[in-house]
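Below is the file final21.tsv, which contains TSV, N, CA, C and O atoms.
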chain	number	residue	atom	x	y	z
E	1	MET	N	15.11	35.44	-8.21
E	1	MET	CA	13.80	34.87	-8.57
E	1	MET	C	14.03	33.49	-9.18
E	1	MET	O	14.75	33.34	-10.15
E	2	ASN	N	13.41	32.50	-8.57
E	2	ASN	CA	13.58	31.13	-9.04
E	2	ASN	C	12.55	30.83	-10.13
E	2	ASN	O	11.40	31.21	-10.03
E	3	ASP	N	13.00	30.15	-11.16
E	3	ASP	CA	12.22	29.94	-12.38
E	3	ASP	C	11.27	28.75	-12.27
E	3	ASP	O	11.69	27.66	-11.92
E	4	GLY	N	9.99	28.96	-12.55
E	4	GLY	CA	8.99	27.90	-12.48
E	4	GLY	C	8.77	27.17	-13.79
E	4	GLY	O	7.81	26.44	-13.93
E	5	ARG	N	9.69	27.36	-14.78
E	5	ARG	CA	9.52	26.69	-16.07
E	5	ARG	C	10.21	25.33	-16.13
E	5	ARG	O	10.00	24.59	-17.07
E	6	LYS	N	11.03	25.01	-15.13
E	6	LYS	CA	11.71	23.71	-15.08
E	6	LYS	C	11.07	22.85	-14.00
E	6	LYS	O	10.97	23.26	-12.85
E	7	ARG	N	10.66	21.65	-14.38
E	7	ARG	CA	9.98	20.74	-13.46
E	7	ARG	C	10.86	20.40	-12.26
E	7	ARG	O	10.38	20.27	-11.14
E	8	ALA	N	12.17	20.28	-12.49
E	8	ALA	CA	13.10	19.92	-11.41
E	8	ALA	C	13.15	20.98	-10.31
E	8	ALA	O	13.49	20.67	-9.17
E	9	ASN	N	12.79	22.22	-10.64
E	9	ASN	CA	12.80	23.31	-9.64
E	9	ASN	C	11.56	23.31	-8.76
E	9	ASN	O	11.55	23.95	-7.71
E	10	VAL	N	10.49	22.65	-9.21
E	10	VAL	CA	9.20	22.72	-8.52
E	10	VAL	C	8.97	21.41	-7.76
E	10	VAL	O	8.84	20.36	-8.38
E	11	LEU	N	8.93	21.50	-6.44
E	11	LEU	CA	8.77	20.30	-5.62
E	11	LEU	C	7.51	20.41	-4.78
E	11	LEU	O	7.13	21.51	-4.36
E	12	PRO	N	6.85	19.28	-4.51
E	12	PRO	CA	5.71	19.32	-3.59
E	12	PRO	C	6.14	19.91	-2.25
E	12	PRO	O	7.22	19.60	-1.74
E	13	GLY	N	5.32	20.81	-1.73
E	13	GLY	CA	5.63	21.47	-0.47
E	13	GLY	C	6.30	22.83	-0.65
E	13	GLY	O	6.40	23.60	0.30
E	14	ALA	N	6.73	23.14	-1.88
E	14	ALA	CA	7.37	24.44	-2.13
E	14	ALA	C	6.31	25.53	-2.14
E	14	ALA	O	5.17	25.32	-2.57
E	15	GLU	N	6.68	26.72	-1.68
E	15	GLU	CA	5.79	27.87	-1.72
E	15	GLU	C	6.01	28.59	-3.05
E	15	GLU	O	7.15	28.92	-3.39
E	16	VAL	N	4.93	28.80	-3.80
E	16	VAL	CA	5.05	29.34	-5.15
E	16	VAL	C	4.02	30.42	-5.41
E	16	VAL	O	3.03	30.56	-4.69
E	17	LEU	N	4.25	31.18	-6.48
E	17	LEU	CA	3.26	32.10	-7.03
E	17	LEU	C	2.83	31.53	-8.37
E	17	LEU	O	3.67	31.23	-9.23
E	18	ILE	N	1.52	31.34	-8.55
E	18	ILE	CA	1.00	30.78	-9.80
E	18	ILE	C	0.02	31.74	-10.44
E	18	ILE	O	-0.52	32.64	-9.78
E	19	VAL	N	-0.20	31.54	-11.74
E	19	VAL	CA	-1.27	32.24	-12.46
E	19	VAL	C	-2.37	31.22	-12.71
E	19	VAL	O	-2.13	30.17	-13.33
E	20	LEU	N	-3.57	31.52	-12.20
E	20	LEU	CA	-4.73	30.66	-12.45
E	20	LEU	C	-5.21	30.89	-13.87
E	20	LEU	O	-4.98	31.95	-14.47
E	21	LYS	N	-5.91	29.91	-14.44
E	21	LYS	CA	-6.43	30.00	-15.81
E	21	LYS	C	-7.22	31.29	-16.02
E	21	LYS	O	-7.02	32.00	-17.01
E	22	GLN	N	-8.11	31.61	-15.07
E	22	GLN	CA	-8.96	32.79	-15.24
E	22	GLN	C	-8.19	34.10	-15.06
E	22	GLN	O	-8.69	35.15	-15.40
E	23	ASP	N	-6.96	34.03	-14.54
E	23	ASP	CA	-6.16	35.24	-14.31
E	23	ASP	C	-5.08	35.42	-15.36
E	23	ASP	O	-4.25	36.33	-15.26
E	24	GLN	N	-5.06	34.58	-16.41
E	24	GLN	CA	-3.99	34.68	-17.42
E	24	GLN	C	-3.98	36.02	-18.13
E	24	GLN	O	-2.92	36.55	-18.43
E	25	ARG	N	-5.14	36.60	-18.37
E	25	ARG	CA	-5.20	37.90	-19.06
E	25	ARG	C	-4.60	39.01	-18.21
E	25	ARG	O	-3.90	39.87	-18.71
E	26	THR	N	-4.91	39.00	-16.92
E	26	THR	CA	-4.44	40.07	-16.03
E	26	THR	C	-3.05	39.79	-15.47
E	26	THR	O	-2.34	40.71	-15.08
E	27	GLY	N	-2.66	38.51	-15.39
E	27	GLY	CA	-1.38	38.16	-14.83
E	27	GLY	C	-1.38	38.15	-13.30
E	27	GLY	O	-0.33	38.10	-12.68
E	28	LYS	N	-2.57	38.19	-12.70
E	28	LYS	CA	-2.69	38.18	-11.23
E	28	LYS	C	-2.10	36.88	-10.68
E	28	LYS	O	-2.39	35.80	-11.16
E	29	LEU	N	-1.26	37.02	-9.65
E	29	LEU	CA	-0.59	35.87	-9.06
E	29	LEU	C	-1.30	35.42	-7.79
E	29	LEU	O	-1.82	36.23	-7.03
E	30	THR	N	-1.28	34.11	-7.57
E	30	THR	CA	-1.87	33.49	-6.38
E	30	THR	C	-0.77	32.72	-5.67
E	30	THR	O	-0.05	31.94	-6.29
E	31	ARG	N	-0.64	32.96	-4.36
E	31	ARG	CA	0.41	32.30	-3.57
E	31	ARG	C	-0.15	31.03	-2.94
E	31	ARG	O	-1.30	31.00	-2.51
E	32	GLY	N	0.68	29.97	-2.91
E	32	GLY	CA	0.24	28.74	-2.28
E	32	GLY	C	1.36	27.73	-2.17
E	32	GLY	O	2.49	27.97	-2.59
E	33	ILE	N	1.01	26.58	-1.59
E	33	ILE	CA	1.95	25.49	-1.40
E	33	ILE	C	1.61	24.38	-2.40
E	33	ILE	O	0.46	23.99	-2.53
E	34	VAL	N	2.64	23.88	-3.11
E	34	VAL	CA	2.44	22.85	-4.14
E	34	VAL	C	2.03	21.52	-3.49
E	34	VAL	O	2.68	21.04	-2.57
E	35	LYS	N	0.92	20.95	-4.01
E	35	LYS	CA	0.49	19.62	-3.59
E	35	LYS	C	0.92	18.59	-4.64
E	35	LYS	O	1.53	17.59	-4.31
E	36	ASP	N	0.57	18.85	-5.92
E	36	ASP	CA	0.86	17.91	-7.01
E	36	ASP	C	1.43	18.66	-8.20
E	36	ASP	O	1.02	19.79	-8.47
E	37	LEU	N	2.33	18.00	-8.94
E	37	LEU	CA	2.81	18.52	-10.22
E	37	LEU	C	1.97	17.87	-11.31
E	37	LEU	O	1.84	16.66	-11.35
E	38	LEU	N	1.39	18.69	-12.18
E	38	LEU	CA	0.49	18.18	-13.22
E	38	LEU	C	1.15	18.14	-14.60
E	38	LEU	O	0.65	17.47	-15.50
E	39	THR	N	2.27	18.85	-14.78
E	39	THR	CA	3.01	18.82	-16.05
E	39	THR	C	4.02	17.69	-15.99
E	39	THR	O	4.79	17.59	-15.04
E	40	ASN	N	4.02	16.82	-17.00
E	40	ASN	CA	4.93	15.69	-17.02
E	40	ASN	C	6.26	15.99	-17.71
E	40	ASN	O	7.26	15.35	-17.42
E	41	SER	N	6.27	16.97	-18.62
E	41	SER	CA	7.51	17.27	-19.34
E	41	SER	C	8.51	17.98	-18.43
E	41	SER	O	8.14	18.58	-17.42
E	42	ALA	N	9.78	17.94	-18.78
E	42	ALA	CA	10.86	18.51	-17.96
E	42	ALA	C	10.77	20.04	-17.88
E	42	ALA	O	11.14	20.63	-16.88
E	43	THR	N	10.28	20.65	-18.97
E	43	THR	CA	10.14	22.11	-18.98
E	43	THR	C	8.83	22.48	-19.66
E	43	THR	O	8.25	21.68	-20.41
E	44	HIS	N	8.36	23.71	-19.40
E	44	HIS	CA	7.19	24.25	-20.10
E	44	HIS	C	7.38	25.76	-20.20
E	44	HIS	O	7.70	26.41	-19.20
E	45	PRO	N	7.21	26.33	-21.41
E	45	PRO	CA	7.49	27.76	-21.60
E	45	PRO	C	6.63	28.70	-20.76
E	45	PRO	O	7.04	29.81	-20.47
E	46	HIS	N	5.44	28.26	-20.36
E	46	HIS	CA	4.55	29.12	-19.57
E	46	HIS	C	4.56	28.79	-18.09
E	46	HIS	O	3.83	29.38	-17.31
E	47	GLY	N	5.37	27.82	-17.70
E	47	GLY	CA	5.46	27.42	-16.29
E	47	GLY	C	4.87	26.04	-16.08
E	47	GLY	O	3.97	25.60	-16.80
E	48	ILE	N	5.39	25.35	-15.08
E	48	ILE	CA	4.92	24.01	-14.74
E	48	ILE	C	3.54	24.12	-14.11
E	48	ILE	O	3.31	24.94	-13.23
E	49	LYS	N	2.60	23.29	-14.57
E	49	LYS	CA	1.24	23.32	-14.02
E	49	LYS	C	1.22	22.51	-12.72
E	49	LYS	O	1.72	21.39	-12.67
E	50	VAL	N	0.65	23.11	-11.67
E	50	VAL	CA	0.60	22.47	-10.36
E	50	VAL	C	-0.79	22.59	-9.75
E	50	VAL	O	-1.58	23.46	-10.13
E	51	ARG	N	-1.06	21.71	-8.78
E	51	ARG	CA	-2.25	21.84	-7.93
E	51	ARG	C	-1.75	22.26	-6.56
E	51	ARG	O	-0.83	21.65	-6.01
E	52	LEU	N	-2.35	23.31	-6.01
E	52	LEU	CA	-1.97	23.78	-4.68
E	52	LEU	C	-2.71	22.98	-3.61
E	52	LEU	O	-3.66	22.26	-3.91
E	53	MET	N	-2.27	23.11	-2.37
E	53	MET	CA	-2.90	22.41	-1.23
E	53	MET	C	-4.40	22.71	-1.13
E	53	MET	O	-5.18	21.86	-0.73
E	54	ASP	N	-4.79	23.94	-1.53
E	54	ASP	CA	-6.22	24.31	-1.45
E	54	ASP	C	-7.02	23.89	-2.68
E	54	ASP	O	-8.20	24.19	-2.80
E	55	GLY	N	-6.36	23.18	-3.63
E	55	GLY	CA	-7.06	22.64	-4.79
E	55	GLY	C	-7.01	23.50	-6.04
E	55	GLY	O	-7.42	23.06	-7.11
E	56	GLN	N	-6.50	24.73	-5.93
E	56	GLN	CA	-6.41	25.59	-7.11
E	56	GLN	C	-5.31	25.07	-8.04
E	56	GLN	O	-4.29	24.56	-7.60
E	57	VAL	N	-5.55	25.25	-9.36
E	57	VAL	CA	-4.61	24.77	-10.37
E	57	VAL	C	-4.13	25.95	-11.21
E	57	VAL	O	-4.93	26.78	-11.63
E	58	GLY	N	-2.82	26.01	-11.44
E	58	GLY	CA	-2.27	27.07	-12.27
E	58	GLY	C	-0.83	26.77	-12.63
E	58	GLY	O	-0.28	25.73	-12.27
E	59	ARG	N	-0.22	27.72	-13.36
E	59	ARG	CA	1.16	27.56	-13.79
E	59	ARG	C	2.10	28.39	-12.91
E	59	ARG	O	1.81	29.55	-12.62
E	60	VAL	N	3.22	27.78	-12.52
E	60	VAL	CA	4.17	28.43	-11.63
E	60	VAL	C	4.89	29.56	-12.35
E	60	VAL	O	5.48	29.36	-13.41
E	61	LYS	N	4.82	30.76	-11.79
E	61	LYS	CA	5.54	31.92	-12.33
E	61	LYS	C	6.77	32.21	-11.51
E	61	LYS	O	7.77	32.71	-12.01
E	62	GLU	N	6.72	31.92	-10.21
E	62	GLU	CA	7.86	32.18	-9.34
E	62	GLU	C	7.85	31.21	-8.17
E	62	GLU	O	6.78	30.89	-7.64
E	63	ILE	N	9.03	30.76	-7.79
E	63	ILE	CA	9.16	29.91	-6.61
E	63	ILE	C	9.61	30.80	-5.47
E	63	ILE	O	10.69	31.39	-5.51
E	64	VAL	N	8.74	30.95	-4.46
E	64	VAL	CA	9.01	31.86	-3.35
E	64	VAL	C	9.96	31.20	-2.35
E	64	VAL	O	10.92	31.81	-1.92
E	65	ASN	N	9.67	29.95	-1.98
E	65	ASN	CA	10.48	29.26	-0.99
E	65	ASN	C	10.68	27.80	-1.40
E	65	ASN	O	9.93	26.93	-1.00
E	66	PRO	N	11.74	27.54	-2.20
E	66	PRO	CA	11.97	26.17	-2.64
E	66	PRO	C	12.38	25.24	-1.50
E	66	PRO	O	12.14	24.04	-1.54
E	67	ALA	N	13.00	25.79	-0.45
E	67	ALA	CA	13.48	24.98	0.67
E	67	ALA	C	12.33	24.27	1.37
E	67	ALA	O	12.51	23.19	1.92
E	68	ALA	N	11.14	24.85	1.30
E	68	ALA	CA	9.96	24.23	1.95
E	68	ALA	C	9.66	22.88	1.32
E	68	ALA	O	9.08	22.01	1.97
E	69	GLY	N	10.04	22.70	0.05
E	69	GLY	CA	9.73	21.46	-0.64
E	69	GLY	C	10.81	20.41	-0.58
E	69	GLY	O	10.62	19.31	-1.04
E	70	ARG	N	11.93	20.72	0.03
E	70	ARG	CA	13.05	19.76	0.07
E	70	ARG	C	12.81	18.74	1.17
E	70	ARG	O	12.53	19.09	2.30
E	71	PRO	N	12.93	17.45	0.83
E	71	PRO	CA	12.78	16.42	1.86
E	71	PRO	C	13.95	16.50	2.85
E	71	PRO	O	15.06	16.79	2.45
E	72	GLU	N	13.66	16.25	4.12
E	72	GLU	CA	14.71	16.37	5.14
E	72	GLU	C	15.24	15.03	5.55
E	72	GLU	O	14.62	14.04	5.43
Conversion result in C-alpha cells:
Amino acid sequence: MNDGRKRANVLPGAEVLIVLKQDQRTGKLTRGIVKDLLTNSATHPHGIKVRLMDGQVGRVKEIVNPAAGRPE
C-alpha cells in the first residue's frame, strides 16, 4: 500500500483512493485520477489534498497506481 501522506508520492495522473470532506466520518473511499495537488507542504498527516479529474476534492488515503502518474 503506497502512502498518500507524502507529496512526492502523489503525481498528477496517478490513480488514488481519497476521502471526501463529507465522508471523513465514515471513512468511505472514492477512486479517481489526480488532476491537481492542492497541498503545498511536503507531507500532511491526514493525506495530501488533491482534485480529481471529475472535480472532486479530498485527501489521498492510498495510491492505487502510481505508475499512471509517471511522465514517459
Inset, instruction - Tell me which protein, DNA and RNA residues are within 7 Å of E:Lys21, counting only N, CA, C and O atoms, leaving out same-chain ones fewer than 5 positions away, and put them as a PyMOL selection string. - result: chain E and resi 57-59
Legend entry - From E:Asp3, E:Ile48, E:Ala8, E:Asp54, residue lying nearest E:Arg31 [all atoms listed in the file]: E:Asp54
Skipping near chain neighbours, those fewer than 3 positions away, what residues fall within 8 Å of E:Leu11 using all atoms listed in the file, listed as a short mmCIF file (atom, residue, chain, number, x, y, z; two decimals) with N, CA, C and O atoms, in the frame of the given file?
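The result, stored in result07.cif:
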data_model
loop_
_atom_site.label_atom_id
_atom_site.label_comp_id
_atom_site.auth_asym_id
_atom_site.auth_seq_id
_atom_site.Cartn_x
_atom_site.Cartn_y
_atom_site.Cartn_z
N LYS E 6 11.03 25.01 -15.13
CA LYS E 6 11.71 23.71 -15.08
C LYS E 6 11.07 22.85 -14.00
O LYS E 6 10.97 23.26 -12.85
N ARG E 7 10.66 21.65 -14.38
CA ARG E 7 9.98 20.74 -13.46
C ARG E 7 10.86 20.40 -12.26
O ARG E 7 10.38 20.27 -11.14
N ALA E 8 12.17 20.28 -12.49
CA ALA E 8 13.10 19.92 -11.41
C ALA E 8 13.15 20.98 -10.31
O ALA E 8 13.49 20.67 -9.17
N ALA E 14 6.73 23.14 -1.88
CA ALA E 14 7.37 24.44 -2.13
C ALA E 14 6.31 25.53 -2.14
O ALA E 14 5.17 25.32 -2.57
N GLU E 15 6.68 26.72 -1.68
CA GLU E 15 5.79 27.87 -1.72
C GLU E 15 6.01 28.59 -3.05
O GLU E 15 7.15 28.92 -3.39
N VAL E 16 4.93 28.80 -3.80
CA VAL E 16 5.05 29.34 -5.15
C VAL E 16 4.02 30.42 -5.41
O VAL E 16 3.03 30.56 -4.69
N ILE E 33 1.01 26.58 -1.59
CA ILE E 33 1.95 25.49 -1.40
C ILE E 33 1.61 24.38 -2.40
O ILE E 33 0.46 23.99 -2.53
N VAL E 34 2.64 23.88 -3.11
CA VAL E 34 2.44 22.85 -4.14
C VAL E 34 2.03 21.52 -3.49
O VAL E 34 2.68 21.04 -2.57
N LYS E 35 0.92 20.95 -4.01
CA LYS E 35 0.49 19.62 -3.59
C LYS E 35 0.92 18.59 -4.64
O LYS E 35 1.53 17.59 -4.31
N ASP E 36 0.57 18.85 -5.92
CA ASP E 36 0.86 17.91 -7.01
C ASP E 36 1.43 18.66 -8.20
O ASP E 36 1.02 19.79 -8.47
N LEU E 37 2.33 18.00 -8.94
CA LEU E 37 2.81 18.52 -10.22
C LEU E 37 1.97 17.87 -11.31
O LEU E 37 1.84 16.66 -11.35
N ASN E 65 9.67 29.95 -1.98
CA ASN E 65 10.48 29.26 -0.99
C ASN E 65 10.68 27.80 -1.40
O ASN E 65 9.93 26.93 -1.00
N PRO E 66 11.74 27.54 -2.20
CA PRO E 66 11.97 26.17 -2.64
C PRO E 66 12.38 25.24 -1.50
O PRO E 66 12.14 24.04 -1.54
N ALA E 68 11.14 24.85 1.30
CA ALA E 68 9.96 24.23 1.95
C ALA E 68 9.66 22.88 1.32
O ALA E 68 9.08 22.01 1.97
N GLY E 69 10.04 22.70 0.05
CA GLY E 69 9.73 21.46 -0.64
C GLY E 69 10.81 20.41 -0.58
O GLY E 69 10.62 19.31 -1.04
N ARG E 70 11.93 20.72 0.03
CA ARG E 70 13.05 19.76 0.07
C ARG E 70 12.81 18.74 1.17
O ARG E 70 12.53 19.09 2.30
#
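Separating atom O of E:Asn9 from atom O of E:Arg51 is a distance of 12.7 Å.
For the pair atom C of E:Gly27 and atom O of E:Gly13, the interatomic distance is 21.4 Å.
Near E:Arg5, within 12 Å and counting only C-alpha atoms, sit Met1, Asn2, Ala8, Asn9, Val10, Ile18, Thr39, Asn40, Ser41, Ala42, Thr43, His44, Pro45, His46, Gly47, Ile48, Lys49, Val50, Arg59, Val60, Lys61, Glu62 and Ile63 of chain E; same-chain residues fewer than 3 positions away were not included.
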Axis-aligned box for all listed atoms of stretch 32-42 of chain E, 3 Å per side, centre and edges in Å to one decimal, as JSON:
{"center_x": 5.7, "center_y": 22.7, "center_z": -10.4, "size_x": 16.9, "size_y": 20.6, "size_z": 23.9}
Inset, instruction - May I ask for the distance between atom CA of E:Gly32 and atom CA of E:Leu20, given in Å to one decimal place? - result: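 The value is 11.5 Å.
Per DSSP on the backbone, helix (DSSP H, G or I) in chain E comprises Arg7, Ala8, Asn9, Lys21, Gln22, Asp23, Pro66, Ala67, Ala68 and Gly69 of chain E.
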Can you spit out stretch 38-61 of chain E with N, CA and C atoms, as a tab-separated table (two decimals), in the first residue's frame, from the structure just given?
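Result file follows (decode_35.tsv):
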chain	number	residue	atom	x	y	z
E	38	LEU	N	-3.34	20.01	-4.21
E	38	LEU	CA	-3.77	21.23	-3.54
E	38	LEU	C	-2.98	21.51	-2.26
E	39	THR	N	-2.29	20.50	-1.73
E	39	THR	CA	-1.45	20.68	-0.53
E	39	THR	C	-0.06	21.10	-0.99
E	40	ASN	N	0.46	22.19	-0.42
E	40	ASN	CA	1.78	22.68	-0.81
E	40	ASN	C	2.91	22.11	0.03
E	41	SER	N	2.61	21.68	1.26
E	41	SER	CA	3.68	21.16	2.12
E	41	SER	C	4.12	19.77	1.66
E	42	ALA	N	5.32	19.36	2.04
E	42	ALA	CA	5.90	18.09	1.61
E	42	ALA	C	5.14	16.88	2.15
E	43	THR	N	4.58	17.05	3.37
E	43	THR	CA	3.81	15.95	3.97
E	43	THR	C	2.57	16.53	4.65
E	44	HIS	N	1.58	15.66	4.89
E	44	HIS	CA	0.40	16.04	5.66
E	44	HIS	C	-0.09	14.80	6.39
E	45	PRO	N	-0.33	14.90	7.71
E	45	PRO	CA	-0.69	13.70	8.50
E	45	PRO	C	-1.99	13.02	8.06
E	46	HIS	N	-2.90	13.75	7.43
E	46	HIS	CA	-4.17	13.17	7.01
E	46	HIS	C	-4.21	12.84	5.53
E	47	GLY	N	-3.12	13.09	4.82
E	47	GLY	CA	-3.06	12.81	3.39
E	47	GLY	C	-2.99	14.09	2.59
E	48	ILE	N	-2.35	14.01	1.43
E	48	ILE	CA	-2.23	15.16	0.54
E	48	ILE	C	-3.58	15.46	-0.08
E	49	LYS	N	-3.99	16.72	-0.07
E	49	LYS	CA	-5.28	17.11	-0.65
E	49	LYS	C	-5.11	17.25	-2.16
E	50	VAL	N	-6.03	16.62	-2.91
E	50	VAL	CA	-5.96	16.64	-4.37
E	50	VAL	C	-7.34	16.93	-4.97
E	51	ARG	N	-7.31	17.38	-6.23
E	51	ARG	CA	-8.54	17.49	-7.03
E	51	ARG	C	-8.47	16.38	-8.07
E	52	LEU	N	-9.54	15.60	-8.17
E	52	LEU	CA	-9.58	14.53	-9.16
E	52	LEU	C	-10.03	15.08	-10.52
E	53	MET	N	-9.87	14.28	-11.56
E	53	MET	CA	-10.27	14.68	-12.92
E	53	MET	C	-11.74	15.09	-12.99
E	54	ASP	N	-12.58	14.45	-12.16
E	54	ASP	CA	-14.02	14.77	-12.17
E	54	ASP	C	-14.38	15.96	-11.28
E	55	GLY	N	-13.35	16.60	-10.67
E	55	GLY	CA	-13.58	17.81	-9.87
E	55	GLY	C	-13.74	17.59	-8.38
E	56	GLN	N	-13.86	16.34	-7.94
E	56	GLN	CA	-13.99	16.08	-6.51
E	56	GLN	C	-12.67	16.35	-5.80
E	57	VAL	N	-12.78	16.85	-4.55
E	57	VAL	CA	-11.59	17.19	-3.76
E	57	VAL	C	-11.58	16.36	-2.48
E	58	GLY	N	-10.42	15.82	-2.16
E	58	GLY	CA	-10.29	15.04	-0.93
E	58	GLY	C	-8.83	14.76	-0.63
E	59	ARG	N	-8.62	14.01	0.46
E	59	ARG	CA	-7.26	13.68	0.88
E	59	ARG	C	-6.92	12.24	0.49
E	60	VAL	N	-5.71	12.06	-0.04
E	60	VAL	CA	-5.28	10.75	-0.52
E	60	VAL	C	-5.04	9.81	0.65
E	61	LYS	N	-5.71	8.66	0.63
E	61	LYS	CA	-5.51	7.63	1.64
E	61	LYS	C	-4.65	6.50	1.10
